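**Student:** One file is attached below, coords10.txt, containing compact mmCIF, C-alpha atoms.
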```txt
# COMPACT_ATOMS: atom_id res chain seq x y z
CA MET A 7 84.43 97.13 121.31
CA PRO A 8 86.12 100.45 120.46
CA ASN A 9 84.86 103.62 122.06
CA VAL A 10 83.98 106.87 120.31
CA SER A 11 83.95 110.30 121.98
CA LEU A 12 82.67 113.35 120.18
CA THR A 13 80.51 116.42 120.55
CA ILE A 14 77.10 116.35 118.91
CA ASN A 15 74.97 119.51 118.90
CA GLY A 16 77.00 120.89 121.77
CA LYS A 17 76.67 117.77 123.91
CA LYS A 18 79.65 115.53 124.63
CA ILE A 19 79.00 111.84 124.16
CA SER A 20 81.18 108.80 124.62
CA GLN A 21 80.11 105.27 123.94
CA PRO A 22 81.23 101.87 122.67
CA ILE A 23 80.43 101.09 119.04
CA GLU A 24 81.33 98.47 116.46
CA ALA A 25 84.10 99.68 114.13
CA ARG A 26 81.78 99.36 111.14
CA THR A 27 79.23 101.82 112.58
CA LEU A 28 78.57 104.67 110.18
CA LEU A 29 78.14 108.17 111.54
CA VAL A 30 74.50 108.17 110.43
CA GLN A 31 73.89 104.90 112.30
CA LEU A 32 75.40 106.33 115.47
CA LEU A 33 73.17 109.39 115.14
CA ARG A 34 69.93 107.64 114.29
CA ASP A 35 70.09 104.21 115.87
CA GLN A 36 72.08 104.87 119.01
CA LEU A 37 71.42 108.53 119.80
CA SER A 38 67.86 108.69 118.38
CA LEU A 39 68.70 111.80 116.36
CA THR A 40 66.41 110.75 113.55
CA GLY A 41 66.30 114.14 111.83
CA THR A 42 69.25 113.00 109.74
CA HIS A 43 67.75 110.77 107.08
CA VAL A 44 69.00 107.81 105.08
CA GLY A 45 67.75 108.12 101.52
CA CYS A 46 69.93 106.11 99.17
CA ASP A 47 72.69 104.79 101.43
CA THR A 48 75.02 105.02 98.41
CA SER A 49 76.32 108.60 98.85
CA GLN A 50 74.14 110.02 96.10
CA CYS A 51 71.14 111.71 97.70
CA GLY A 52 72.53 113.90 100.49
CA CYS A 53 69.60 113.29 102.89
CA CYS A 54 72.15 112.29 105.55
CA THR A 55 74.17 115.52 105.33
CA VAL A 56 75.54 116.75 108.66
CA HIS A 57 78.37 119.12 109.56
CA LEU A 58 81.62 117.52 110.67
CA ASN A 59 83.91 120.14 112.21
CA GLY A 60 81.85 122.76 110.39
CA LYS A 61 81.90 121.13 106.96
CA GLY A 62 79.06 119.37 105.21
CA VAL A 63 79.57 115.62 104.77
CA LYS A 64 77.41 112.64 103.88
CA SER A 65 77.13 110.80 107.18
CA CYS A 66 76.30 107.50 105.45
CA ALA A 67 79.83 107.48 104.00
CA VAL A 68 81.77 108.37 107.15
CA LEU A 69 82.73 105.93 109.88
CA ALA A 70 81.69 107.06 113.35
CA LEU A 71 85.17 106.19 114.64
CA SER A 72 86.71 108.57 112.09
CA CYS A 73 84.86 111.35 113.96
CA GLN A 74 86.72 110.78 117.23
CA ASP A 75 87.13 114.12 119.10
CA SER A 76 85.26 116.03 116.40
CA VAL A 77 82.28 118.35 116.51
CA ILE A 78 79.10 117.30 114.74
CA THR A 79 76.05 119.43 114.03
CA THR A 80 72.84 117.81 112.84
CA ILE A 81 69.52 119.35 111.83
CA GLU A 82 68.43 119.06 115.48
CA GLY A 83 71.29 121.35 116.52
CA LEU A 84 70.38 124.37 114.39
CA ALA A 85 67.43 126.00 116.15
CA GLU A 86 67.87 128.08 119.31
CA GLY A 87 64.97 126.86 121.41
CA GLU A 88 61.81 127.86 119.58
CA THR A 89 63.67 130.10 117.14
CA LEU A 90 64.49 128.39 113.88
CA HIS A 91 67.83 128.87 112.17
CA PRO A 92 67.44 131.42 109.32
CA MET A 93 67.91 128.65 106.75
CA GLN A 94 65.17 126.57 108.39
CA GLN A 95 62.94 129.64 108.54
CA ALA A 96 63.54 130.34 104.85
CA PHE A 97 62.55 126.78 103.93
CA ARG A 98 59.41 127.12 106.05
CA GLU A 99 58.41 130.49 104.63
CA GLY A 100 59.21 129.54 101.05
CA HIS A 101 57.47 126.16 101.34
CA ALA A 102 60.68 124.59 100.06
CA LEU A 103 59.51 121.04 100.63
CA GLN A 104 56.73 118.67 99.88
CA CYS A 105 57.30 115.32 101.59
CA GLY A 106 60.18 116.73 103.63
CA PHE A 107 62.44 113.71 103.40
CA CYS A 108 65.36 115.51 101.75
CA THR A 109 64.85 118.70 103.77
CA PRO A 110 67.33 118.10 106.63
CA GLY A 111 70.06 117.38 104.11
CA MET A 112 69.07 120.34 101.94
CA ILE A 113 69.23 122.70 104.91
CA MET A 114 72.59 121.36 106.12
CA ALA A 115 73.98 121.55 102.58
CA GLY A 116 72.54 125.06 102.20
CA ILE A 117 74.34 126.30 105.31
CA ASP A 118 77.59 124.64 104.16
CA MET A 119 77.15 126.44 100.83
CA VAL A 120 76.78 129.82 102.54
CA LYS A 121 79.92 129.20 104.59
CA ARG A 122 81.91 128.54 101.43
CA LYS A 123 80.27 130.86 98.94
CA GLY A 124 78.93 133.78 100.98
CA TYR A 125 75.55 135.38 101.62
CA GLU A 126 74.71 136.46 98.08
CA LEU A 127 74.16 133.34 96.03
CA ASP A 128 72.89 133.47 92.46
CA GLU A 129 70.55 130.81 91.18
CA LYS A 130 73.18 129.11 89.04
CA THR A 131 75.57 128.75 91.98
CA VAL A 132 72.88 127.28 94.22
CA ARG A 133 71.82 124.78 91.57
CA GLU A 134 75.41 123.70 90.95
CA GLU A 135 76.16 123.45 94.63
CA LEU A 136 73.09 121.27 95.19
CA GLU A 137 74.72 118.61 93.04
CA GLY A 138 74.94 116.23 96.00
CA ASN A 139 71.35 116.56 97.21
CA LEU A 140 68.38 114.96 95.51
CA CYS A 141 64.72 115.92 95.90
CA ARG A 142 62.03 113.84 94.22
CA CYS A 143 59.08 116.19 94.84
CA THR A 144 59.71 119.88 94.48
CA GLY A 145 61.60 120.18 91.23
CA TYR A 146 64.13 122.20 93.28
CA HIS A 147 62.60 125.54 92.39
CA THR A 148 61.46 126.52 95.87
CA ILE A 149 64.54 124.95 97.46
CA VAL A 150 66.85 127.14 95.38
CA LYS A 151 64.85 130.25 96.32
CA ALA A 152 64.81 129.30 99.99
CA ILE A 153 68.56 128.79 100.08
CA GLN A 154 69.07 132.21 98.49
CA ALA A 155 66.74 133.79 101.06
CA GLY A 156 68.28 131.79 103.92
CA ALA A 157 71.76 132.85 102.84
CA ARG A 158 70.80 136.54 102.95
CA ALA A 159 69.15 136.06 106.35
CA MET A 160 72.27 134.37 107.72
CA LYS A 161 74.12 137.68 107.32
CA ASN A 162 72.35 138.87 110.47
CA LEU A 163 73.28 135.90 112.62
CA MET B 3 79.07 95.80 105.96
CA HIS B 4 81.20 93.22 107.73
CA ASP B 5 82.93 94.37 110.88
CA PHE B 6 86.68 94.96 110.85
CA LEU B 7 89.51 95.95 113.13
CA TYR B 8 90.26 99.65 113.17
CA GLN B 9 93.29 101.81 113.85
CA ARG B 10 93.52 105.60 113.68
CA PRO B 11 97.17 106.56 114.12
CA THR B 12 98.13 110.22 114.52
CA GLN B 13 101.70 109.86 113.21
CA LEU B 14 102.93 108.57 109.85
CA PRO B 15 105.58 106.18 111.27
CA GLU B 16 102.88 104.55 113.38
CA ALA B 17 100.65 104.17 110.31
CA SER B 18 103.57 102.76 108.30
CA GLN B 19 104.24 100.21 111.03
CA TRP B 20 100.61 99.10 111.12
CA ALA B 21 100.48 98.90 107.34
CA LYS B 22 103.72 96.91 107.20
CA GLU B 23 102.63 94.40 109.80
CA HIS B 24 99.06 94.03 108.55
CA VAL B 25 99.03 93.74 104.77
CA ASP B 26 95.46 92.40 104.95
CA TYR B 27 94.33 95.80 106.28
CA LYS B 28 93.26 98.55 103.93
CA LEU B 29 94.21 102.20 104.19
CA LEU B 30 91.27 104.57 104.64
CA ALA B 31 91.71 108.09 103.26
CA GLY B 32 88.54 110.16 102.70
CA GLY B 33 86.52 106.99 102.24
CA MET B 34 84.37 108.33 99.42
CA SER B 35 85.02 105.17 97.37
CA LEU B 36 86.18 102.71 100.01
CA ILE B 37 83.24 103.06 102.40
CA PRO B 38 80.61 102.53 99.69
CA SER B 39 82.57 99.50 98.49
CA LEU B 40 82.72 98.10 102.04
CA LYS B 41 78.97 98.62 102.29
CA MET B 42 78.45 96.65 99.10
CA ARG B 43 80.90 94.03 100.35
CA LEU B 44 83.00 94.49 97.25
CA SER B 45 85.86 94.93 99.67
CA GLN B 46 86.14 93.02 102.94
CA PRO B 47 89.47 93.82 104.60
CA ALA B 48 90.42 92.39 107.99
CA GLY B 49 91.02 95.90 109.22
CA LEU B 50 91.25 99.58 108.34
CA ILE B 51 94.07 102.01 109.03
CA ASP B 52 92.37 105.38 109.04
CA LEU B 53 94.79 108.12 107.92
CA SER B 54 92.45 111.01 108.76
CA ALA B 55 94.10 111.93 112.06
CA ILE B 56 97.61 112.35 110.61
CA ASP B 57 98.01 116.11 110.26
CA ALA B 58 101.43 115.71 108.62
CA LEU B 59 99.62 114.29 105.55
CA LYS B 60 97.57 117.46 104.93
CA GLY B 61 98.42 120.69 103.17
CA VAL B 62 99.82 122.33 100.08
CA ARG B 63 103.17 124.04 99.56
CA ILE B 64 105.42 125.34 96.81
CA GLU B 65 109.07 124.31 96.58
CA GLY B 66 110.95 125.99 93.74
CA ASP B 67 109.16 125.05 90.52
CA GLU B 68 107.11 122.33 92.15
CA LEU B 69 103.65 122.40 93.66
CA ILE B 70 103.32 119.79 96.39
CA ILE B 71 99.97 118.50 97.56
CA LYS B 72 99.99 116.19 100.54
CA ALA B 73 98.02 112.99 100.19
CA MET B 74 95.22 113.67 102.68
CA THR B 75 94.35 117.15 101.37
CA PRO B 76 90.64 117.18 100.50
CA HIS B 77 89.43 118.24 97.05
CA ALA B 78 87.57 121.24 98.53
CA GLU B 79 90.87 122.64 99.83
CA VAL B 80 92.78 122.06 96.60
CA ALA B 81 89.95 123.82 94.75
CA ILE B 82 90.42 127.08 96.69
CA ASP B 83 94.10 126.94 97.66
CA LYS B 84 95.94 130.06 96.54
CA ASN B 85 99.21 128.22 95.93
CA VAL B 86 97.45 125.76 93.64
CA ARG B 87 95.62 128.60 91.92
CA GLN B 88 98.87 130.45 91.25
CA GLY B 89 100.87 127.35 90.39
CA ILE B 90 98.52 125.11 88.41
CA ARG B 91 95.11 126.67 88.02
CA ALA B 92 93.79 123.67 86.07
CA LEU B 93 94.19 121.57 89.23
CA CYS B 94 91.85 123.91 91.13
CA GLU B 95 89.28 123.55 88.39
CA LEU B 96 89.67 119.78 88.33
CA ALA B 97 89.30 119.50 92.12
CA ALA B 98 86.25 121.79 92.06
CA GLY B 99 84.50 119.44 89.64
CA ILE B 100 84.89 116.13 91.48
CA GLY B 101 81.64 114.58 92.75
CA ASP B 102 79.64 117.12 94.72
CA PRO B 103 80.52 119.67 97.45
CA LEU B 104 79.91 117.19 100.28
CA VAL B 105 82.15 114.60 98.65
CA ARG B 106 84.82 117.25 98.00
CA ASN B 107 84.87 118.13 101.71
CA ARG B 108 85.95 114.59 102.47
CA GLY B 109 87.61 112.96 99.45
CA THR B 110 91.39 113.27 99.09
CA ILE B 111 93.95 113.31 96.29
CA GLY B 112 95.91 110.42 97.79
CA GLY B 113 92.80 108.29 98.10
CA SER B 114 91.79 109.02 94.53
CA LEU B 115 95.21 108.01 93.18
CA ALA B 116 95.55 104.87 95.29
CA ASN B 117 92.07 103.74 94.25
CA ALA B 118 92.82 104.41 90.56
CA ASP B 119 89.21 104.42 89.45
CA PRO B 120 89.30 104.39 85.63
CA ALA B 121 86.96 107.41 85.56
CA ALA B 122 88.57 109.45 88.35
CA CYS B 123 89.81 112.95 87.52
CA TYR B 124 93.09 113.23 89.45
CA PRO B 125 94.96 110.41 87.65
CA SER B 126 94.78 112.41 84.41
CA ALA B 127 96.37 115.45 86.07
CA VAL B 128 99.12 113.40 87.66
CA LEU B 129 99.94 111.70 84.36
CA ALA B 130 99.72 114.79 82.13
CA LEU B 131 101.69 117.00 84.50
CA ASN B 132 104.39 114.33 84.87
CA ALA B 133 103.98 114.39 88.64
CA THR B 134 105.86 112.24 91.12
CA ILE B 135 104.01 110.20 93.71
CA LYS B 136 105.95 110.11 96.94
CA THR B 137 105.23 107.30 99.38
CA ASN B 138 106.55 106.26 102.76
CA GLN B 139 108.99 104.00 100.86
CA ARG B 140 110.00 105.65 97.57
CA GLU B 141 109.13 107.99 94.73
CA ILE B 142 107.10 106.74 91.77
CA ALA B 143 106.91 108.58 88.43
CA ALA B 144 103.38 109.05 87.11
CA ASP B 145 104.25 107.05 83.98
CA GLN B 146 104.99 104.03 86.18
CA PHE B 147 102.13 104.44 88.65
CA PHE B 148 98.89 103.48 86.92
CA LEU B 149 98.93 99.82 85.88
CA GLY B 150 95.32 99.00 85.08
CA LEU B 151 91.76 98.87 86.35
CA PHE B 152 91.96 99.93 90.03
CA GLU B 153 95.58 98.80 89.91
CA THR B 154 98.66 100.86 90.76
CA ALA B 155 102.36 100.29 91.40
CA LEU B 156 101.77 100.65 95.16
CA HIS B 157 102.92 97.68 97.22
CA PRO B 158 100.66 96.30 99.93
CA GLY B 159 101.02 98.56 102.93
CA GLU B 160 102.67 101.39 100.99
CA ILE B 161 101.26 104.82 101.89
CA ILE B 162 101.17 107.80 99.52
CA THR B 163 102.47 110.83 101.41
CA GLU B 164 102.49 113.60 98.80
CA ILE B 165 102.28 114.36 95.09
CA ARG B 166 104.87 116.65 93.51
CA PHE B 167 103.70 118.53 90.43
CA PRO B 168 106.25 120.37 88.29
CA LYS B 169 104.65 123.65 87.22
CA PRO B 170 103.67 123.52 83.53
CA LYS B 171 103.83 126.35 81.00
CA ALA B 172 100.16 125.81 80.26
CA ALA B 173 97.57 123.25 81.33
CA ALA B 174 93.86 122.57 81.17
CA TYR B 175 91.38 119.88 82.14
CA TRP B 176 88.19 119.38 80.18
CA LYS B 177 85.73 116.82 81.45
CA PHE B 178 82.59 115.48 79.86
CA ARG B 179 80.70 114.48 82.97
CA GLN B 180 78.64 111.38 83.38
CA PRO B 181 75.42 113.21 84.20
CA ALA B 182 74.52 111.21 87.31
CA SER B 183 77.81 110.47 89.02
CA ARG B 184 79.86 113.45 87.81
CA PHE B 185 82.73 111.08 87.16
CA SER B 186 84.36 111.67 83.80
CA LEU B 187 82.70 109.92 80.91
CA VAL B 188 85.78 111.20 79.15
CA GLY B 189 88.22 113.64 80.71
CA VAL B 190 91.28 115.11 79.01
CA PHE B 191 94.15 116.80 80.81
CA VAL B 192 96.55 118.65 78.52
CA ALA B 193 99.83 120.06 79.80
CA GLN B 194 102.69 121.87 78.13
CA THR B 195 105.56 120.76 80.35
CA ASN B 196 109.30 121.37 80.28
CA THR B 197 109.74 117.95 78.68
CA GLY B 198 107.08 118.45 76.02
CA VAL B 199 103.32 118.28 75.68
CA ARG B 200 101.56 115.53 77.60
CA VAL B 201 97.93 114.53 77.09
CA ALA B 202 96.24 112.17 79.55
CA ILE B 203 92.82 110.61 79.01
CA THR B 204 90.61 109.35 81.83
CA GLY B 205 87.19 107.70 81.83
CA ALA B 206 87.62 106.16 78.41
CA ALA B 207 89.59 102.95 78.99
CA ASP B 208 90.39 100.58 81.86
CA THR B 209 92.94 103.05 83.18
CA VAL B 210 94.20 106.56 82.50
CA PHE B 211 96.53 106.65 79.50
CA ARG B 212 98.60 109.05 77.40
CA HIS B 213 97.36 110.10 73.99
CA THR B 214 100.77 109.89 72.33
CA GLU B 215 99.63 110.74 68.79
CA ALA B 216 98.06 113.95 70.01
CA GLU B 217 101.21 114.72 71.99
CA GLN B 218 103.40 114.35 68.88
CA ARG B 219 101.26 116.75 66.90
CA LEU B 220 100.98 119.25 69.75
CA ASN B 221 104.75 119.19 70.21
CA VAL B 222 105.03 120.49 66.65
CA GLN B 223 102.35 123.11 67.15
CA PHE B 224 100.51 123.66 70.45
CA HIS B 225 97.20 124.66 68.95
CA PRO B 226 93.83 122.89 68.52
CA SER B 227 94.21 123.02 64.73
CA ALA B 228 97.20 120.67 65.00
CA LEU B 229 94.75 117.90 65.92
CA LYS B 230 92.59 118.16 62.79
CA GLY B 231 92.14 114.78 61.14
CA LEU B 232 93.39 112.82 64.16
CA PHE B 233 90.96 110.10 65.17
CA MET B 234 91.21 107.96 68.29
CA SER B 235 90.65 104.28 67.65
CA GLU B 236 87.75 102.76 69.54
CA LYS B 237 89.86 99.71 70.28
CA ASN B 238 90.45 99.45 74.06
CA MET B 239 87.70 102.00 74.81
CA ASN B 240 85.13 101.21 77.49
CA SER B 241 81.62 100.46 76.36
CA ASP B 242 78.75 100.56 78.84
CA ILE B 243 75.21 101.84 79.32
CA HIS B 244 76.51 105.40 79.53
CA ALA B 245 78.47 105.47 76.27
CA SER B 246 79.69 103.13 73.55
CA ALA B 247 83.37 102.68 72.70
CA GLN B 248 82.81 104.60 69.46
CA TYR B 249 81.22 107.48 71.35
CA ARG B 250 84.06 107.65 73.86
CA ALA B 251 86.67 107.62 71.08
CA HIS B 252 84.89 110.50 69.37
CA CYS B 253 84.66 112.39 72.68
CA ILE B 254 88.45 112.15 73.01
CA ASP B 255 88.94 113.77 69.60
CA VAL B 256 86.59 116.63 70.41
CA ILE B 257 87.57 117.16 74.02
CA THR B 258 91.32 117.09 73.40
CA GLU B 259 90.90 120.02 71.01
CA ARG B 260 88.81 121.86 73.57
CA ALA B 261 91.34 121.23 76.32
CA VAL B 262 94.16 122.62 74.17
CA ALA B 263 92.05 125.69 73.38
CA MET B 264 91.34 126.11 77.07
CA ALA B 265 95.05 125.82 77.95
CA LEU B 266 95.74 128.61 75.45
CA ASN B 267 92.82 130.72 76.70
CA LEU B 268 91.32 130.67 73.20
CA PRO B 269 87.60 131.43 72.92
CA PRO B 270 85.41 128.31 72.66
CA GLN B 271 85.36 127.04 69.09
CA LYS B 272 82.25 126.78 67.01
CA GLU B 273 81.10 123.27 66.17
CA SER B 274 82.33 122.43 62.71
```
What do you get writing this file as structure tokens?
**Tutor:**
Amino acid sequence: MPNVSLTINGKKISQPIEARTLLVQLLRDQLSLTGTHVGCDTSQCGCCTVHLNGKGVKSCAVLALSCQDSVITTIEGLAEGETLHPMQQAFREGHALQCGFCTPGMIMAGIDMVKRKGYELDEKTVREELEGNLCRCTGYHTIVKAIQAGARAMKNL
Amino acid sequence: MHDFLYQRPTQLPEASQWAKEHVDYKLLAGGMSLIPSLKMRLSQPAGLIDLSAIDALKGVRIEGDELIIKAMTPHAEVAIDKNVRQGIRALCELAAGIGDPLVRNRGTIGGSLANADPAACYPSAVLALNATIKTNQREIAADQFFLGLFETALHPGEIITEIRFPKPKAAAYWKFRQPASRFSLVGVFVAQTNTGVRVAITGAADTVFRHTEAEQRLNVQFHPSALKGLFMSEKNMNSDIHASAQYRAHCIDVITERAVAMALNLPPQKES
């Protein structure tokens, strides 16, 4: 069986996996990092979004072996101890979730958005940039506001 | 998904060797189409040759009057690359509209062309801009590259290395998006090139194709008004739950005019 070595949330891991293992399967099934969700499994919903070398990707459409020697950040890797990441805090304060299933992906996509588009995001930009993330509860309204607030708060990181 | 053998070479010659010796393997670029199709078992190759670790296949450069995009350059990078923006702005806009941001971080131009999805955006740019597809074996002109539904002139084991775009005088891409997938329901790329106007249509038929009647008229006068009274036949148009053949044909008429207006920086026209 091939071996994969990579850094996940600051921790180096190395382990044998089947070639067909998806990144999300490595995270959830083998490393018990179940914060990354599988919604649709067809690259539509974005619940499985993680950062691969700093860029948002859908981990259900990436082979784990393609991530050899790379750096992965999942939702579990954002908070510093008890202190939430500003984007997490903004979602919490703005009640930007109902069932919470899409939330990890929304937060990871939100941070990716800030990295590409900056700290001041207008509503139209956020809505367009959320193209790859589906939410079936909120109607997106609070999510959009939380991402705008989280983006501003990230300026102070 | 069935299991497969897996190779991740770091050098192109190594990848070429693997591809040559294992024609039952598939090449993996960004994987935004291939991995979902493996998951659905639509594709079951014996092995994958992952091109993602070959740095020599990434990047953009300008050589004389040509813009060169290497095969493994992701859409997100094309969308913001200053050389692309200066050289062929319409390509930035096209790349920025593929799928969603997370897909654009991963999907590549080479993968899109090799897959030749009938509704993909890039094939229309390559065809309209009269680009050349360079592989590890030869150079293929855009007019000879796209053969049909998911079918290209690539031989088994042939690897796209870069795409060479001659800079046009003017160009624009106008896409009517399928609301769920963001693929083109109908996309029109119009380019005023050194060898005349070229119009490429994607999303409408089994493969990207040139709208030669529109080209003839636009060669006489490069203006939306030159297209008045030109109607695309619905013969050969796709018909599915998203749009009928008649609807797609009509979209081509409307969108081609809009693309020409966009290439000329004309203000959006009022519906007549």
**Student:** Only residues of chain B matter here; which ones have an atom within 9 Å of chain A, counting all atoms listed in the file? Give them as a PyMOL selection string.
**Tutor:** chain B and resi 3-8+10+32-38+41+52+54-55+101-108+182-184
**Student:** What's around region 79-89 of chain B at 12 Å? Count all atoms listed in the file, leave out sequence neighbours fewer than 3 positions away in its own chain, and write the answer as a count of residues only.
**Tutor:** 47
**Student:** Just how far from CA of Asp26 (chain B) is CA of Cys123 (chain B), in Å to one decimal?
**Tutor:** 27.5 Å
**Student:** I want to know what sits within 10 Å of Val222 (chain B), based on all atoms listed in the file, with residues of the same chain fewer than 6 positions away left out; could you give that as a VMD selection string?
**Tutor:** chain B and resid 198 to 199 228
**Student:** I need the residue nearest Leu103 (chain A) from this list: A:Arg142, A:Arg133, A:His91, A:Lys121. Use all atoms listed in the file for the distance.
**Tutor:**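 Closest residue, counting all atoms listed in the file: A:Arg142.
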**Student:** Record the distance separating CA of Lys22 (chain B) and CA of Ile142 (chain B), expressed in Å with one decimal.
**Tutor:**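 Going from CA of Lys22 (chain B) over to CA of Ile142 (chain B), I get 18.6 Å.
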**Student:** Using only C-alpha atoms for the distances, tell me which of B:Leu50, B:Ala17, B:Met239, B:Val210 is nearest to Ile161 (chain B).
**Tutor:** B:Ala17
**Student:** Mind checking which residues fall within 10 Å of Cys141 (chain A), counting all atoms listed in the file, ignoring those fewer than 3 positions away in the same chain, and posting them as a compact mmCIF listing (two decimals) with C-alpha atoms, keeping the file's coordinate frame?
**Tutor:**
```txt
# COMPACT_ATOMS: atom_id res chain seq x y z
CA CYS A 51 71.14 111.71 97.70
CA GLY A 52 72.53 113.90 100.49
CA CYS A 53 69.60 113.29 102.89
CA LEU A 103 59.51 121.04 100.63
CA GLN A 104 56.73 118.67 99.88
CA CYS A 105 57.30 115.32 101.59
CA GLY A 106 60.18 116.73 103.63
CA PHE A 107 62.44 113.71 103.40
CA CYS A 108 65.36 115.51 101.75
CA THR A 109 64.85 118.70 103.77
CA GLY A 111 70.06 117.38 104.11
CA MET A 112 69.07 120.34 101.94
CA LEU A 136 73.09 121.27 95.19
CA THR A 144 59.71 119.88 94.48
CA GLY A 145 61.60 120.18 91.23
CA TYR A 146 64.13 122.20 93.28
CA ILE A 149 64.54 124.95 97.46
```
**Student:** If you measure from CA of Asn221 (chain B) to CA of Ala144 (chain B), what distance in Å do you get, rounded to one decimal?
**Tutor:** 19.8 Å
